[in-house]
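Q: Got a structure for you, run-v2.cif, holding mmCIF, C-alpha atoms.
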```cif
data_final
#
loop_
_atom_site.label_atom_id
_atom_site.label_comp_id
_atom_site.auth_asym_id
_atom_site.auth_seq_id
_atom_site.Cartn_x
_atom_site.Cartn_y
_atom_site.Cartn_z
CA MET A 1494 70.90 49.35 17.87
CA LEU A 1495 68.56 50.51 20.61
CA ASP A 1496 66.93 47.89 22.81
CA HIS A 1497 63.22 47.37 22.09
CA ASN A 1498 62.24 48.31 25.66
CA ILE A 1499 64.29 51.50 25.45
CA ILE A 1500 62.36 52.50 22.33
CA LEU A 1501 59.11 51.87 24.19
CA ILE A 1502 60.21 54.04 27.10
CA ILE A 1503 61.22 56.84 24.73
CA LEU A 1504 57.79 56.70 23.05
CA GLN A 1505 56.01 56.66 26.41
CA ALA A 1506 58.11 59.56 27.71
CA SER A 1507 57.40 61.53 24.53
CA SER A 1508 53.69 60.80 24.88
CA LEU A 1509 53.79 61.91 28.52
CA THR A 1510 55.50 65.18 27.58
CA MET A 1511 53.06 65.81 24.72
CA THR A 1512 49.89 65.17 26.73
CA LEU A 1513 51.05 67.33 29.64
CA GLY A 1514 52.07 70.07 27.21
CA LEU A 1515 48.71 70.01 25.44
CA ALA A 1516 46.88 70.13 28.78
CA LEU A 1517 48.89 73.22 29.74
CA ILE A 1518 48.20 74.86 26.39
CA LEU A 1519 44.47 74.30 26.87
CA PHE A 1520 44.66 75.76 30.37
CA PHE A 1521 46.55 78.91 29.37
CA SER A 1522 44.34 79.46 26.31
CA TRP A 1523 41.47 79.90 28.78
CA PHE A 1524 42.93 83.30 29.75
CA HIS A 1525 42.84 84.53 26.15
CA GLN A 1526 39.41 83.32 24.99
CA LEU A 1527 36.78 85.70 26.29
CA ASP A 1528 33.82 85.02 24.00
CA THR A 1529 33.17 81.28 24.05
CA SER A 1530 30.19 79.37 25.44
CA ARG A 1531 29.26 77.24 28.41
CA GLU A 1532 29.42 74.08 26.31
CA TYR A 1533 32.83 74.99 24.98
CA GLU A 1534 34.26 75.68 28.44
CA GLN A 1535 32.87 72.43 29.81
CA MET A 1536 34.61 70.58 27.04
CA ARG A 1537 37.87 72.42 27.69
CA TRP A 1538 38.05 70.99 31.21
CA LEU A 1539 36.90 67.54 30.14
CA ILE A 1540 39.54 67.39 27.42
CA MET A 1541 42.16 68.54 29.91
CA ALA A 1542 41.04 65.76 32.27
CA ALA A 1543 41.34 63.22 29.43
CA LEU A 1544 44.85 64.43 28.62
CA LEU A 1545 45.88 64.20 32.27
CA LEU A 1546 44.41 60.69 32.43
CA LEU A 1547 46.56 59.72 29.45
CA ALA A 1548 49.58 61.33 31.11
CA LEU A 1549 48.95 59.22 34.23
CA HIS A 1550 48.74 56.16 32.00
CA TYR A 1551 52.14 56.87 30.46
CA VAL A 1552 53.67 57.41 33.92
CA LEU A 1553 52.36 54.01 35.04
CA GLN A 1554 53.62 52.38 31.85
CA ILE A 1555 57.11 53.81 32.43
CA VAL A 1556 57.23 52.98 36.14
CA PHE A 1557 55.75 49.47 36.04
CA GLY A 1558 56.71 48.46 32.49
CA PHE A 1559 53.35 46.88 31.66
CA ARG A 1560 54.12 46.66 27.94
CA ALA A 1561 57.45 44.99 28.71
CA GLN A 1562 55.55 42.27 30.62
CA GLY A 1563 53.85 41.25 27.39
CA ALA A 1564 51.68 42.64 24.60
CA ASP A 1565 48.59 41.25 26.33
CA VAL A 1566 49.30 43.11 29.59
CA GLY A 1567 50.12 46.30 27.69
CA ALA A 1568 46.87 46.05 25.72
CA LEU A 1569 44.92 45.45 28.93
CA ILE A 1570 46.25 48.59 30.61
CA ASN A 1571 45.89 50.59 27.39
CA MET A 1572 42.17 49.83 27.19
CA LEU A 1573 41.55 50.86 30.79
CA PHE A 1574 42.92 54.33 30.06
CA TYR A 1575 42.37 54.84 26.33
CA ALA A 1576 38.66 53.98 26.45
CA PRO A 1577 37.55 56.85 28.74
CA ALA A 1578 39.94 59.28 27.02
CA ILE A 1579 38.59 58.44 23.55
CA TYR A 1580 34.99 58.68 24.80
CA VAL A 1581 35.66 62.17 26.20
CA PHE A 1582 37.37 63.38 23.02
CA SER A 1583 34.46 62.06 20.97
CA TYR A 1584 31.92 63.60 23.34
CA SER A 1585 33.44 67.04 22.68
CA PHE A 1586 32.00 66.92 19.15
CA ILE A 1587 28.59 65.82 20.39
CA ARG A 1588 28.58 68.46 23.16
CA LEU A 1589 29.05 71.18 20.56
CA ALA A 1590 26.92 69.65 17.82
CA GLY A 1591 24.25 67.48 19.33
CA ARG A 1592 20.87 67.82 20.95
CA ARG A 1593 20.75 66.97 24.63
CA SER A 1594 18.71 63.82 24.10
CA PHE A 1595 21.40 62.74 21.64
CA GLN A 1596 24.11 63.50 24.20
CA ARG A 1597 22.35 61.49 26.89
CA ARG A 1598 22.17 58.39 24.69
CA TYR A 1599 25.86 58.70 23.94
CA ILE A 1600 26.70 58.97 27.65
CA VAL A 1601 24.58 55.93 28.49
CA VAL A 1602 26.26 53.73 25.86
CA THR A 1603 29.83 54.81 26.61
CA SER A 1604 29.28 54.57 30.38
CA ALA A 1605 27.94 51.04 29.93
CA SER A 1606 31.03 50.21 27.84
CA LEU A 1607 33.34 51.52 30.56
CA LEU A 1608 31.53 49.53 33.22
CA PHE A 1609 31.75 46.37 31.12
CA ILE A 1610 35.49 46.85 30.48
CA ALA A 1611 36.13 47.49 34.18
CA ALA A 1612 34.01 44.49 35.22
CA CYS A 1613 35.88 42.20 32.80
CA PHE A 1614 39.19 43.40 34.22
CA ILE A 1615 38.14 42.83 37.84
CA VAL A 1616 36.63 39.41 37.17
CA GLY A 1617 39.61 38.39 35.08
CA TYR A 1618 42.12 39.45 37.71
CA VAL A 1619 40.23 37.60 40.44
CA HIS A 1620 39.97 34.48 38.28
CA TYR A 1621 43.54 34.37 36.91
CA GLY A 1622 45.32 36.04 39.81
CA SER A 1623 47.53 38.05 37.43
CA LEU A 1624 47.40 40.53 34.58
CA HIS A 1625 47.64 37.68 32.06
CA MET A 1626 43.93 37.05 31.54
CA PRO A 1627 43.24 35.96 27.94
CA ALA A 1628 39.45 35.46 28.21
CA ALA A 1629 38.96 38.85 29.87
CA LEU A 1630 41.29 40.48 27.36
CA TYR A 1631 39.21 39.20 24.42
CA ALA A 1632 35.95 40.40 25.99
CA MET A 1633 37.42 43.81 26.82
CA GLY A 1634 38.93 44.11 23.35
CA ALA A 1635 35.64 43.32 21.62
CA CYS A 1636 33.81 45.91 23.72
CA PHE A 1637 36.57 48.47 23.16
CA PHE A 1638 36.54 48.03 19.38
CA LEU A 1639 32.73 48.06 19.07
CA SER A 1640 32.42 51.13 21.29
CA ILE A 1641 34.92 53.01 19.11
CA LEU A 1642 32.87 52.07 16.04
CA PHE A 1643 29.83 53.42 17.88
CA CYS A 1644 31.68 56.68 18.61
CA PHE A 1645 32.48 56.96 14.90
CA VAL A 1646 29.10 56.06 13.39
CA TYR A 1647 26.60 57.41 15.92
CA PRO A 1648 27.47 61.15 15.78
CA THR A 1649 27.93 61.35 11.98
CA ASN A 1650 24.43 62.49 11.00
CA GLU A 1651 24.13 64.83 13.97
CA ILE A 1652 27.48 66.46 13.23
CA ASN A 1653 26.60 66.91 9.55
CA ARG A 1654 23.22 68.37 10.50
CA MET A 1655 24.77 70.98 12.79
CA ARG A 1656 27.49 71.85 10.28
CA LYS A 1657 24.86 72.52 7.61
CA LEU A 1658 22.75 74.48 10.09
CA ALA A 1659 25.71 76.68 11.06
CA ASP A 1660 26.44 77.43 7.41
CA ASP A 1661 22.83 78.02 6.33
CA GLU A 1662 21.91 80.31 9.20
CA SER A 1663 25.00 82.49 9.47
CA ASP A 1664 26.34 85.27 7.30
CA GLN A 1665 29.42 83.34 6.26
CA LEU A 1666 30.77 79.81 6.09
CA GLN A 1667 31.78 78.72 9.59
CA VAL A 1668 35.25 77.53 8.63
CA GLN A 1669 36.63 76.85 12.11
CA TYR A 1670 33.45 75.20 13.33
CA ASN A 1671 33.33 72.91 10.31
CA LEU A 1672 37.06 72.19 10.52
CA PHE A 1673 36.72 71.05 14.11
CA LEU A 1674 33.61 68.95 13.53
CA LYS A 1675 34.58 67.42 10.20
CA THR A 1676 38.35 67.19 9.91
CA SER A 1677 39.22 66.79 13.58
CA SER A 1678 36.54 64.16 14.14
CA ARG A 1679 37.71 62.08 11.17
CA ILE A 1680 41.34 62.23 12.25
CA LEU A 1681 40.43 61.34 15.82
CA TYR A 1682 38.20 58.41 14.88
CA ALA A 1683 40.67 57.01 12.35
CA THR A 1684 43.44 57.15 14.95
CA ALA A 1685 41.19 55.56 17.59
CA LEU A 1686 40.35 52.66 15.26
CA LEU A 1687 44.04 52.12 14.53
CA MET A 1688 44.71 52.26 18.27
CA ALA A 1689 42.06 49.60 18.94
CA ILE A 1690 44.06 47.24 16.72
CA GLY A 1691 47.57 48.49 17.39
CA ILE A 1692 47.51 47.96 21.16
CA TYR A 1693 47.75 44.20 20.58
CA PHE A 1694 50.90 44.42 18.46
CA THR A 1695 53.84 46.24 20.02
CA PRO A 1696 55.71 46.93 16.73
CA MET A 1697 52.55 48.41 15.21
CA LEU A 1698 51.95 50.43 18.38
CA LEU A 1699 55.19 52.33 17.82
CA PHE A 1700 53.73 53.71 14.57
CA VAL A 1701 50.18 54.14 15.87
CA GLY A 1702 51.45 55.86 19.03
CA THR A 1703 53.27 58.46 16.95
CA MET A 1704 50.18 59.05 14.82
CA THR A 1705 48.11 59.41 17.98
CA LEU A 1706 50.35 62.19 19.27
CA ILE A 1707 50.02 64.04 15.95
CA ALA A 1708 46.23 63.56 15.99
CA MET A 1709 45.95 64.90 19.55
CA LEU A 1710 48.07 67.93 18.64
CA PHE A 1711 45.83 68.70 15.64
CA PHE A 1712 42.72 68.12 17.75
CA VAL A 1713 43.79 70.54 20.50
CA VAL A 1714 44.95 73.20 18.02
CA SER A 1715 41.61 72.97 16.18
CA PHE A 1716 39.72 73.13 19.46
CA ILE A 1717 41.56 76.28 20.54
CA ALA A 1718 41.08 77.88 17.10
CA LEU A 1719 37.37 77.15 17.38
CA GLY A 1720 37.27 78.96 20.72
CA PHE A 1721 38.36 82.21 19.07
CA ASN A 1722 35.64 81.90 16.41
CA ILE A 1723 32.73 80.21 18.12
CA GLY A 1724 30.98 83.44 19.05
CA SER A 1725 29.38 83.73 15.60
CA VAL A 1726 27.61 80.35 15.92
CA ASN A 1727 26.85 80.34 19.65
CA GLN A 1728 23.30 81.57 19.23
CA ILE A 1729 22.55 79.18 16.38
CA ILE A 1730 23.80 76.24 18.42
CA SER A 1731 22.06 77.24 21.65
CA THR A 1732 18.76 77.93 19.88
CA GLU A 1733 18.84 74.57 18.14
CA MET A 1734 19.49 72.83 21.46
CA ASP A 1735 16.61 74.53 23.28
CA GLU A 1736 14.55 72.07 25.29
CA VAL A 1737 11.49 72.13 27.53
CA THR A 1738 10.55 70.13 30.58
CA GLU A 1739 7.36 68.15 30.28
CA ALA A 1740 6.11 65.53 32.75
CA GLY A 1741 9.45 65.72 34.53
CA LYS A 1742 11.47 64.82 31.42
CA GLU A 1743 13.56 67.02 29.16
CA THR A 1744 12.69 66.61 25.51
CA VAL A 1745 13.74 68.40 22.35
CA VAL A 1746 11.13 70.74 21.02
CA GLU A 1747 9.78 69.51 17.69
CA GLU A 1748 7.63 72.26 16.25
CA VAL A 1749 4.91 71.67 13.70
CA LYS A 1750 5.49 74.15 10.92
CA PRO A 1751 2.35 74.93 8.93
CA SER A 1752 2.70 77.34 6.04
CA LEU A 1753 2.79 81.00 6.99
CA THR A 1754 -0.39 82.99 6.54
CA ASN A 1755 -0.45 85.98 4.22
CA ASP A 1756 -0.69 88.30 7.23
CA GLN A 1757 2.43 86.72 8.74
CA LYS A 1758 4.31 87.09 5.48
CA GLU A 1759 3.30 90.73 5.10
CA SER A 1760 4.22 91.48 8.71
CA ILE A 1761 7.67 89.89 8.42
CA SER A 1762 8.24 91.55 5.04
CA THR A 1763 7.52 94.95 6.60
CA LEU A 1764 9.89 94.26 9.49
CA ILE A 1765 12.66 93.23 7.11
CA ALA A 1766 12.09 96.31 4.93
CA ASP A 1767 12.43 98.59 7.98
CA TRP A 1768 15.60 96.70 9.01
CA LYS A 1769 17.05 97.13 5.51
CA ALA A 1770 16.22 100.84 5.56
CA GLN A 1771 18.31 101.13 8.73
CA GLN A 1772 21.16 99.30 6.95
CA GLY A 1773 21.09 96.48 9.47
CA TYR A 1774 22.72 94.18 6.93
CA GLY A 1775 26.02 95.97 7.57
CA ALA A 1776 26.38 94.43 11.04
CA ALA A 1777 29.31 92.06 11.37
CA ASN A 1778 28.76 88.36 12.20
CA LEU A 1779 25.03 88.59 11.61
CA ASN A 1780 23.15 85.30 11.86
CA SER A 1781 19.54 84.16 11.80
CA SER A 1782 19.22 84.23 15.60
CA LEU A 1783 20.50 87.80 15.84
CA LEU A 1784 18.29 89.04 13.03
CA ALA A 1785 15.22 87.31 14.47
CA ALA A 1786 15.89 88.97 17.83
CA ARG A 1787 16.19 92.38 16.18
CA LEU A 1788 12.94 91.83 14.30
CA ASN A 1789 11.31 90.58 17.52
CA ILE A 1790 10.20 87.29 15.97
CA SER A 1791 11.30 83.70 16.51
CA LYS A 1792 14.24 82.35 14.54
CA ARG A 1793 12.15 79.46 13.24
CA LEU A 1794 9.58 81.92 11.90
CA LEU A 1795 12.28 83.94 10.12
CA VAL A 1796 13.89 80.84 8.57
CA GLN A 1797 10.48 79.59 7.46
CA TYR A 1798 9.68 82.96 5.88
CA LEU A 1799 12.94 82.97 3.93
CA ARG A 1800 12.33 79.43 2.74
CA GLU A 1801 8.70 79.99 1.68
CA VAL A 1802 8.90 83.55 0.34
CA GLU A 1803 12.49 83.98 -0.82
CA GLY A 1804 13.23 80.33 -1.53
CA LYS A 1805 16.65 80.67 0.09
CA THR A 1806 18.58 79.78 3.22
CA PHE A 1807 19.50 82.64 5.54
CA ARG A 1808 23.14 82.71 4.40
CA VAL A 1809 22.28 82.81 0.68
CA TRP A 1810 19.55 85.39 1.22
CA LEU A 1811 21.76 87.71 3.27
CA SER A 1812 24.69 87.33 0.89
CA ASP A 1813 22.47 88.18 -2.10
CA LEU A 1814 20.99 91.13 -0.24
CA ARG A 1815 24.42 92.51 0.63
CA LEU A 1816 25.61 92.04 -2.93
CA GLU A 1817 22.66 94.02 -4.34
CA GLU A 1818 23.22 96.79 -1.78
CA ALA A 1819 26.91 96.86 -2.71
CA LYS A 1820 26.01 97.27 -6.39
CA GLN A 1821 23.64 100.15 -5.60
CA LEU A 1822 26.25 101.81 -3.39
CA ILE A 1823 28.90 101.59 -6.11
CA ILE A 1824 26.54 103.22 -8.61
CA ALA A 1825 25.58 105.95 -6.15
CA HIS A 1826 29.15 106.55 -4.96
CA PRO A 1827 31.70 105.38 -7.54
CA GLU A 1828 34.38 107.24 -5.61
CA TYR A 1829 34.08 104.86 -2.64
CA SER A 1830 36.87 102.35 -2.25
CA ASN A 1831 36.23 98.61 -2.19
CA GLU A 1832 37.04 98.58 1.52
CA THR A 1833 34.37 101.22 2.22
CA ILE A 1834 31.78 99.37 0.13
CA ALA A 1835 32.56 96.05 1.82
CA GLU A 1836 32.38 97.48 5.34
CA ALA A 1837 29.11 99.31 4.66
CA CYS A 1838 27.45 96.15 3.36
CA GLY A 1839 28.77 93.70 5.96
CA PHE A 1840 31.28 91.96 3.70
CA SER A 1841 34.97 91.44 4.20
CA ARG A 1842 36.96 92.88 1.29
CA SER A 1843 37.93 89.43 -0.01
CA HIS A 1844 34.36 88.11 0.35
CA LEU A 1845 33.04 91.08 -1.62
CA GLN A 1846 35.40 90.29 -4.47
CA VAL A 1847 34.43 86.61 -4.43
CA LYS A 1848 30.69 87.36 -4.52
CA PHE A 1849 31.07 89.86 -7.37
CA LYS A 1850 33.07 87.35 -9.38
CA GLU A 1851 30.54 84.58 -8.74
CA SER A 1852 27.52 86.75 -9.56
CA THR A 1853 28.74 88.91 -12.44
CA GLY A 1854 31.96 87.32 -13.69
CA LEU A 1855 33.63 90.69 -13.09
CA THR A 1856 35.78 92.21 -10.37
CA THR A 1857 34.33 95.13 -8.42
CA ASN A 1858 36.53 97.57 -10.36
CA ASP A 1859 35.47 96.15 -13.73
CA TRP A 1860 31.81 96.22 -12.69
CA ARG A 1861 32.19 99.82 -11.45
CA GLU A 1862 33.67 100.93 -14.77
CA ALA A 1863 30.95 99.16 -16.75
CA HIS A 1864 28.06 100.67 -14.76
CA THR A 1865 29.25 104.17 -13.92
CA GLN A 1866 30.40 105.38 -17.33
CA THR A 1867 28.67 108.52 -18.45
#
```
Please render this file's structure as structure tokens.
A:
Amino acid sequence: MLDHNIILIILQASSLTMTLGLALILFFSWFHQLDTSREYEQMRWLIMAALLLLALHYVLQIVFGFRAQGADVGALINMLFYAPAIYVFSYSFIRLAGRRSFQRRYIVVTSASLLFIAACFIVGYVHYGSLHMPAALYAMGACFFLSILFCFVYPTNEINRMRKLADDESDQLQVQYNLFLKTSSRILYATALLMAIGIYFTPMLLFVGTMTLIAMLFFVVSFIALGFNIGSVNQIISTEMDEVTEAGKETVVEEVKPSLTNDQKESISTLIADWKAQQGYGAANLNSSLLAARLNISKRLLVQYLREVEGKTFRVWLSDLRLEEAKQLIIAHPEYSNETIAEACGFSRSHLQVKFKESTGLTTNDWREAHTQT
């Protein structure tokens, strides 16, 4: 039977290999992702830095055998490295789905937590003269656990708000964006909470450490997948995060939105009618920001018009519009294939079939036969 310390070294070596491998994957993916965003690229390098920090931690654990010196020493060293890494991973969600004022508050709280943990470690080491410092360990552990709870609870509403915004104001459900924000965040936070407990119990850490490696792998894969699909939500995100400088301070713009006047409604209606006549709805990856720019009006004005006049979100309105155009095109040209109809109206072939089934209960072919018989 393998010695307990040998098992620990194997786990630490595996963790070192995994973190270095994930950092390299993130680096090389940079050469293949051409249409991302400034926020996304900033997070790429921060996540790489967090992975390298964890790799350094595993090297130190292997070389100096901190965990072998006792569960308390292992937990102490774990917190010094896991805390900043977890904060950076969590910040990646907020950087992509949070207003700047929201981001600043997060940075202030997590920075204060890091300073407190570091101060406890320094004071404890000076007082006890060794890495066995029970009072400091309890204080650091309490701060570590509470800060992870903060990382889990604080971004929830902001993440949900941005997920809904991305769906409502784009032409299709933002699957990769939502997967990263929802699924990856939950897996990361659940693993971090387990880690906050598991670092005190070496047998439990063997299980939690394995789960952590799996969570990091899923996180990085989701992050890279998002990079290939983030172009369609970039404008929505950047518009929502627009800020102004007033009295030397950056603040989020909160616009008062009175009801549109009749003249405004008529003007926007005319612009949309001209855009429809030019078959602008056939453009791929259309979102509210792009359409507003093409109509030469603000996005907020467009969204407000759709809400007040059409009673719909942008995504529902555009999807309904495309569906009606597809129906008219099928009637006018029954010889057109489904692929031609879908491309002309801005749908993918599968999305066209789904919308027809939802709206009419029929497939496109059944609907064509029912409405083009002579």
Q: Restricting the calculation to all atoms listed in the file, which member of A:Leu1569, A:Ile1690, A:Cys1613, A:Leu1672 is positioned closest to Ile1717 of chain A?
A: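 That would be A:Leu1672, the residue with the smallest distance to Ile1717 of chain A.
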Q: For a quick check of understanding, using only C-alpha atoms, which of A:Thr1695, A:Asn1858, A:Asn1755, A:Ser1715 has the smallest distance to Val1566 of chain A?
A: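 Ranked by minimum distance to Val1566 of chain A, first place goes to A:Thr1695.
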Q: Which of these residues is nearest to Glu1836 of chain A, using all atoms listed in the file: A:Ile1723, A:Leu1795, A:Val1581, A:Ala1776?
A: A:Ala1776
Q: Which residues are near segment 1595-1601 of chain A? Cut-off 8 Å, all atoms listed in the file, ignore same chain within fewer than 5 positions. Put them as number ranges by chain.
A: A: 1584, 1587-1588
Q: Hey, what comes out of the PyMOL selection byres ((chain A and resi 1818-1824) around 8) on this file? Could you write it as a PyMOL selection string?
A: chain A and resi 1814-1817+1825-1829+1834-1835+1838+1861+1864-1865
Q: As a check of understanding, name the residues that the PyMOL selection byres ((chain A and resi 1648-1653) around 7) selects in the supplied structure, as a VMD selection string.
A: chain A and resid 1587 1590 to 1591 1644 to 1647 1654 to 1657 1674
Q: Name all residues at most 9 Å from Arg1537 of chain A (count all atoms listed in the file; drop same-chain ones fewer than 5 positions away) and give them as a PyMOL selection string.
A: chain A and resi 1519-1520+1523+1532+1542+1585+1716-1717
Q: Using the chain letters and residue numbers of this document, give as a list in words the residues selected by the PyMOL selection byres ((chain A and resi 1497) around 12).
A: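 Against this file, the PyMOL selection byres ((chain A and resi 1497) around 12) returns the residues Met1494, Leu1495, Asp1496, Asn1498, Ile1499, Ile1500, Leu1501, Ile1502, Ile1503, Leu1504, Arg1560, Ala1561, Thr1695, Pro1696 and Leu1699 of chain A.
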Q: I need segment 1535-1544 of chain A written out with all heavy atoms, as a PDB file, in the first residue's frame; please produce it.
A:
```pdb
ATOM      1  N   GLN A1535      -7.804  40.686 -21.097  1.00  0.00           N
ATOM      2  CA  GLN A1535      -7.273  40.972 -19.762  1.00  0.00           C
ATOM      3  C   GLN A1535      -7.472  39.782 -18.830  1.00  0.00           C
ATOM      4  O   GLN A1535      -6.579  39.420 -18.060  1.00  0.00           O
ATOM      5  CB  GLN A1535      -7.956  42.219 -19.183  1.00  0.00           C
ATOM      6  CG  GLN A1535      -7.545  43.514 -19.860  1.00  0.00           C
ATOM      7  CD  GLN A1535      -8.369  44.699 -19.398  1.00  0.00           C
ATOM      8  OE1 GLN A1535      -9.399  44.546 -18.716  1.00  0.00           O
ATOM      9  NE2 GLN A1535      -7.951  45.897 -19.773  1.00  0.00           N
ATOM     10  N   MET A1536      -8.636  39.171 -18.928  1.00  0.00           N
ATOM     11  CA  MET A1536      -8.902  38.024 -18.080  1.00  0.00           C
ATOM     12  C   MET A1536      -8.082  36.812 -18.477  1.00  0.00           C
ATOM     13  O   MET A1536      -7.734  35.987 -17.627  1.00  0.00           O
ATOM     14  CB  MET A1536     -10.391  37.674 -18.096  1.00  0.00           C
ATOM     15  CG  MET A1536     -11.267  38.698 -17.398  1.00  0.00           C
ATOM     16  SD  MET A1536     -10.506  39.377 -15.887  1.00  0.00           S
ATOM     17  CE  MET A1536     -10.177  37.895 -14.942  1.00  0.00           C
ATOM     18  N   ARG A1537      -7.756  36.675 -19.751  1.00  0.00           N
ATOM     19  CA  ARG A1537      -6.895  35.564 -20.177  1.00  0.00           C
ATOM     20  C   ARG A1537      -5.567  35.594 -19.420  1.00  0.00           C
ATOM     21  O   ARG A1537      -5.114  34.599 -18.862  1.00  0.00           O
ATOM     22  CB  ARG A1537      -6.633  35.632 -21.683  1.00  0.00           C
ATOM     23  CG  ARG A1537      -5.806  34.427 -22.193  1.00  0.00           C
ATOM     24  CD  ARG A1537      -5.162  34.725 -23.547  1.00  0.00           C
ATOM     25  NE  ARG A1537      -6.131  35.117 -24.547  1.00  0.00           N
ATOM     26  CZ  ARG A1537      -6.861  34.247 -25.242  1.00  0.00           C
ATOM     27  NH1 ARG A1537      -6.750  32.951 -25.023  1.00  0.00           N
ATOM     28  NH2 ARG A1537      -7.715  34.679 -26.147  1.00  0.00           N
ATOM     29  N   TRP A1538      -4.946  36.785 -19.380  1.00  0.00           N
ATOM     30  CA  TRP A1538      -3.632  36.892 -18.745  1.00  0.00           C
ATOM     31  C   TRP A1538      -3.738  36.800 -17.225  1.00  0.00           C
ATOM     32  O   TRP A1538      -2.840  36.258 -16.562  1.00  0.00           O
ATOM     33  CB  TRP A1538      -2.946  38.187 -19.175  1.00  0.00           C
ATOM     34  CG  TRP A1538      -2.831  38.286 -20.663  1.00  0.00           C
ATOM     35  CD1 TRP A1538      -3.454  39.178 -21.480  1.00  0.00           C
ATOM     36  CD2 TRP A1538      -2.091  37.409 -21.528  1.00  0.00           C
ATOM     37  NE1 TRP A1538      -3.149  38.929 -22.791  1.00  0.00           N
ATOM     38  CE2 TRP A1538      -2.311  37.858 -22.856  1.00  0.00           C
ATOM     39  CE3 TRP A1538      -1.267  36.305 -21.309  1.00  0.00           C
ATOM     40  CZ2 TRP A1538      -1.734  37.225 -23.954  1.00  0.00           C
ATOM     41  CZ3 TRP A1538      -0.702  35.672 -22.412  1.00  0.00           C
ATOM     42  CH2 TRP A1538      -0.922  36.141 -23.709  1.00  0.00           C
ATOM     43  N   LEU A1539      -4.819  37.299 -16.665  1.00  0.00           N
ATOM     44  CA  LEU A1539      -5.003  37.167 -15.217  1.00  0.00           C
ATOM     45  C   LEU A1539      -5.217  35.709 -14.810  1.00  0.00           C
ATOM     46  O   LEU A1539      -4.678  35.243 -13.799  1.00  0.00           O
ATOM     47  CB  LEU A1539      -6.182  38.021 -14.758  1.00  0.00           C
ATOM     48  CG  LEU A1539      -5.909  39.526 -14.627  1.00  0.00           C
ATOM     49  CD1 LEU A1539      -7.200  40.266 -14.302  1.00  0.00           C
ATOM     50  CD2 LEU A1539      -4.865  39.800 -13.571  1.00  0.00           C
ATOM     51  N   ILE A1540      -6.002  34.984 -15.596  1.00  0.00           N
ATOM     52  CA  ILE A1540      -6.228  33.571 -15.303  1.00  0.00           C
ATOM     53  C   ILE A1540      -4.938  32.785 -15.461  1.00  0.00           C
ATOM     54  O   ILE A1540      -4.630  31.894 -14.655  1.00  0.00           O
ATOM     55  CB  ILE A1540      -7.342  33.002 -16.202  1.00  0.00           C
ATOM     56  CG1 ILE A1540      -8.688  33.644 -15.846  1.00  0.00           C
ATOM     57  CG2 ILE A1540      -7.433  31.483 -16.065  1.00  0.00           C
ATOM     58  CD1 ILE A1540      -9.794  33.309 -16.814  1.00  0.00           C
ATOM     59  N   MET A1541      -4.155  33.115 -16.488  1.00  0.00           N
ATOM     60  CA  MET A1541      -2.857  32.460 -16.646  1.00  0.00           C
ATOM     61  C   MET A1541      -1.968  32.730 -15.439  1.00  0.00           C
ATOM     62  O   MET A1541      -1.279  31.823 -14.939  1.00  0.00           O
ATOM     63  CB  MET A1541      -2.176  32.956 -17.926  1.00  0.00           C
ATOM     64  CG  MET A1541      -2.728  32.350 -19.200  1.00  0.00           C
ATOM     65  SD  MET A1541      -1.907  32.997 -20.685  1.00  0.00           S
ATOM     66  CE  MET A1541      -0.201  32.561 -20.327  1.00  0.00           C
ATOM     67  N   ALA A1542      -1.995  33.974 -14.948  1.00  0.00           N
ATOM     68  CA  ALA A1542      -1.184  34.315 -13.770  1.00  0.00           C
ATOM     69  C   ALA A1542      -1.648  33.519 -12.550  1.00  0.00           C
ATOM     70  O   ALA A1542      -0.813  33.042 -11.754  1.00  0.00           O
ATOM     71  CB  ALA A1542      -1.279  35.815 -13.494  1.00  0.00           C
ATOM     72  N   ALA A1543      -2.972  33.347 -12.409  1.00  0.00           N
ATOM     73  CA  ALA A1543      -3.496  32.566 -11.285  1.00  0.00           C
ATOM     74  C   ALA A1543      -3.070  31.107 -11.384  1.00  0.00           C
ATOM     75  O   ALA A1543      -2.702  30.482 -10.378  1.00  0.00           O
ATOM     76  CB  ALA A1543      -5.022  32.669 -11.244  1.00  0.00           C
ATOM     77  N   LEU A1544      -3.096  30.555 -12.594  1.00  0.00           N
ATOM     78  CA  LEU A1544      -2.668  29.169 -12.785  1.00  0.00           C
ATOM     79  C   LEU A1544      -1.185  29.001 -12.482  1.00  0.00           C
ATOM     80  O   LEU A1544      -0.763  28.011 -11.872  1.00  0.00           O
ATOM     81  CB  LEU A1544      -2.968  28.719 -14.220  1.00  0.00           C
ATOM     82  CG  LEU A1544      -4.454  28.516 -14.562  1.00  0.00           C
ATOM     83  CD1 LEU A1544      -4.656  28.347 -16.054  1.00  0.00           C
ATOM     84  CD2 LEU A1544      -5.015  27.317 -13.807  1.00  0.00           C
TER      85      LEU A1544
END
```
